[in-house]
Structure formats: C-alpha cells, structure tokens
>>> print(open('data.cif').read())   # mmCIF, C-alpha atoms
data_input
#
loop_
_atom_site.group_PDB
_atom_site.id
_atom_site.type_symbol
_atom_site.label_atom_id
_atom_site.label_comp_id
_atom_site.auth_asym_id
_atom_site.auth_seq_id
_atom_site.Cartn_x
_atom_site.Cartn_y
_atom_site.Cartn_z
ATOM 1 C CA MET A 1 45.303 -15.318 0.941
ATOM 2 C CA SER A 2 48.633 -13.515 0.927
ATOM 3 C CA GLU A 3 47.131 -10.900 3.257
ATOM 4 C CA VAL A 4 46.458 -13.613 5.836
ATOM 5 C CA THR A 5 50.034 -14.861 5.813
ATOM 6 C CA ARG A 6 51.243 -11.372 6.668
ATOM 7 C CA TYR A 7 48.305 -10.289 8.789
ATOM 8 C CA GLU A 8 50.468 -8.590 11.404
ATOM 9 C CA GLU A 9 51.613 -5.940 8.899
ATOM 10 C CA SER A 10 48.404 -5.839 6.858
ATOM 11 C CA GLU A 11 46.022 -2.915 7.037
ATOM 12 C CA ARG A 12 43.184 -5.132 5.832
ATOM 13 C CA PHE A 13 42.500 -6.557 9.306
ATOM 14 C CA THR A 14 41.282 -4.791 12.408
ATOM 15 C CA PRO A 15 43.324 -5.079 15.615
ATOM 16 C CA ARG A 16 40.717 -7.547 16.916
ATOM 17 C CA GLU A 17 40.999 -9.707 13.787
ATOM 18 C CA LYS A 18 44.801 -9.624 14.030
ATOM 19 C CA LEU A 19 44.562 -10.812 17.619
ATOM 20 C CA ALA A 20 42.262 -13.670 16.579
ATOM 21 C CA LEU A 21 44.742 -14.604 13.844
ATOM 22 C CA ALA A 22 47.597 -14.523 16.378
ATOM 23 C CA TYR A 23 45.515 -16.887 18.533
ATOM 24 C CA ALA A 24 45.086 -19.173 15.520
ATOM 25 C CA ASP A 25 48.830 -19.109 14.810
ATOM 26 C CA THR A 26 49.514 -19.980 18.419
ATOM 27 C CA ILE A 27 47.120 -22.933 18.393
ATOM 28 C CA ILE A 28 48.269 -24.296 15.053
ATOM 29 C CA TRP A 29 51.991 -23.595 14.989
ATOM 30 C CA ASN A 30 53.410 -22.786 18.413
ATOM 31 C CA PRO A 31 51.365 -23.341 21.584
ATOM 32 C CA ASP A 32 54.328 -22.080 23.633
ATOM 33 C CA ARG A 33 53.377 -18.574 22.481
ATOM 34 C CA ALA A 34 50.275 -18.776 24.705
ATOM 35 C CA ASP A 35 51.922 -16.814 27.476
ATOM 36 C CA ASP A 36 50.285 -14.567 30.070
ATOM 37 C CA ALA A 37 50.618 -11.516 27.810
ATOM 38 C CA LEU A 38 48.705 -13.189 24.965
ATOM 39 C CA TRP A 39 45.977 -14.411 27.314
ATOM 40 C CA GLU A 40 45.667 -10.936 28.782
ATOM 41 C CA ARG A 41 45.230 -9.425 25.309
ATOM 42 C CA LEU A 42 42.740 -12.135 24.328
ATOM 43 C CA HIS A 43 40.650 -11.704 27.480
ATOM 44 C CA ALA A 44 40.601 -7.935 26.978
ATOM 45 C CA GLU A 45 39.004 -8.419 23.558
ATOM 46 C CA PHE A 46 37.018 -11.668 23.748
ATOM 47 C CA THR A 47 34.788 -13.349 26.299
ATOM 48 C CA GLU A 48 35.682 -16.773 27.638
ATOM 49 C CA PRO A 49 32.926 -18.464 25.570
ATOM 50 C CA GLN A 50 34.208 -16.672 22.451
ATOM 51 C CA LEU A 51 37.759 -17.862 23.107
ATOM 52 C CA VAL A 52 36.529 -21.420 23.542
ATOM 53 C CA GLU A 53 34.502 -21.251 20.328
ATOM 54 C CA ILE A 54 37.324 -19.672 18.321
ATOM 55 C CA GLY A 55 39.864 -22.133 19.732
ATOM 56 C CA TYR A 56 37.599 -25.114 19.088
ATOM 57 C CA TRP A 57 36.968 -24.040 15.505
ATOM 58 C CA ILE A 58 40.668 -23.473 14.828
ATOM 59 C CA GLY A 59 41.493 -26.909 16.243
ATOM 60 C CA PHE A 60 38.677 -28.579 14.309
ATOM 61 C CA ILE A 61 39.651 -27.027 10.969
ATOM 62 C CA SER A 62 43.410 -27.488 11.353
ATOM 63 C CA GLY A 63 42.965 -31.050 12.591
ATOM 64 C CA GLY A 64 40.716 -31.836 9.649
ATOM 65 C CA GLN A 65 43.279 -30.435 7.237
ATOM 66 C CA ARG A 66 46.036 -32.529 8.788
ATOM 67 C CA TRP A 67 43.826 -35.622 8.535
ATOM 68 C CA LEU A 68 43.155 -34.925 4.843
ATOM 69 C CA MET A 69 46.911 -34.565 4.264
ATOM 70 C CA THR A 70 47.405 -37.930 5.995
ATOM 71 C CA LEU A 71 44.967 -39.462 3.508
ATOM 72 C CA LYS A 72 46.903 -37.822 0.654
ATOM 73 C CA THR A 73 43.706 -36.241 -0.691
ATOM 74 C CA ARG A 74 43.833 -33.528 -3.298
ATOM 75 C CA LYS A 75 41.733 -30.403 -3.666
ATOM 76 C CA GLY A 76 38.377 -31.138 -5.279
ATOM 77 C CA GLU A 77 38.395 -34.903 -4.771
ATOM 78 C CA LEU A 78 35.574 -34.919 -2.240
ATOM 79 C CA ALA A 79 33.385 -32.692 -4.412
ATOM 80 C CA ALA A 80 33.967 -35.009 -7.390
ATOM 81 C CA VAL A 81 33.014 -38.109 -5.377
ATOM 82 C CA LEU A 82 29.865 -36.461 -4.030
ATOM 83 C CA ALA A 83 28.847 -35.284 -7.515
ATOM 84 C CA GLU A 84 29.393 -38.788 -8.874
ATOM 85 C CA LYS A 85 27.225 -40.313 -6.125
ATOM 86 C CA GLN A 86 24.510 -37.711 -6.707
ATOM 87 C CA ALA A 87 24.522 -38.411 -10.460
ATOM 88 C CA ALA A 88 24.205 -42.152 -9.786
ATOM 89 C CA LYS A 89 21.111 -41.522 -7.642
ATOM 90 C CA VAL A 90 19.437 -39.499 -10.381
ATOM 91 C CA GLN A 91 19.951 -42.073 -13.136
ATOM 92 C CA PRO A 92 17.279 -44.800 -13.353
#
>>> encode(input="data.cif", output="structure tokens")
Amino acid sequence: MSEVTRYEESERFTPREKLALAYADTIIWNPDRADDALWERLHAEFTEPQLVEIGYWIGFISGGQRWLMTLKTRKGELAAVLAEKQAAKVQP
C-alpha cells in the first residue's frame, strides 16, 4: 500500500498506471487539478469510455468508503455479520 501513496516516484507502476492514479487523486482529493493539461494526458492514453468507467469506479468506491466512515463501521464488521447470518441459515 505504501507504493500507492507515493506512486509518482515509484518504479512499480507504469506511466499509464501513474496517470490513472493521478486521475483518481484528482477525483477524490482535488477536482481543481482537472485542468486542460491533465485531460490532454488522459485522452492521449485512454478512450472516452475508459475514462468514464475509471471515473465512475473511483467515485463509486470512494463514495462507498465515505459512507462506511459515516456509519462508523470498522474493518471486518460486514464479513462477521454475513457469516453470522449464513451460520443461522445452516442450523436447524
């Protein structure tokens, strides 16, 4: 995970992946960074449908995470509830 937080300097990601991560950062943290230069770079690497799909997915995931934080949920709680419900179905 630490590689993702410093993706710009990391050698683990391709230039295309770094651009996608910059797009994600822009959507999540600072939409003002979506200037003409960024859009030009994005359109040089991705098709319009790809940009829509990537942007939608980023928004969906980040929005879901914010919603879970609003509910004050903790990691693993959903899995525990689902396992409990599944166990209740199995028992006679």
>>> resolve_selection(input="data.cif", expression="the PyMOL selection byres ((chain A and resi 59-71) around 12)", output="list in words")
Tyr23, Ala24, Asp25, Thr26, Ile27, Ile28, Trp29, Pro31, Leu51, Val52, Glu53, Ile54, Gly55, Tyr56, Trp57, Ile58, Lys72, Thr73, Arg74, Lys75, Gly76, Glu77 and Leu78 of chain A
>>> axis_aligned_box(input="data.cif", around="segment 56-69 of chain A", padding_each_side="8 Å", output="lines of an AutoDock Vina configuration file")
center_x = 41.9
center_y = -29.5
center_z = 11.7
size_x = 25.9
size_y = 28.1
size_z = 30.8
>>> atom_distance(input="data.cif", atom1="atom CA of Glu45 of chain A", atom2="atom CA of Phe13 of chain A")
14.8 Å
>>> atom_distance(input="data.cif", atom1="atom CA of Leu42 of chain A", atom2="atom CA of Ala20 of chain A")
7.9 Å
>>> closest_residue(input="data.cif", among="A:Asp36, A:Lys85, A:Ala80, A:Arg41", to="Leu19 of chain A", atoms="only C-alpha atoms")
A:Arg41
>>> atom_distance(input="data.cif", atom1="atom CA of Arg12 of chain A", atom2="atom CA of Leu38 of chain A")
21.5 Å
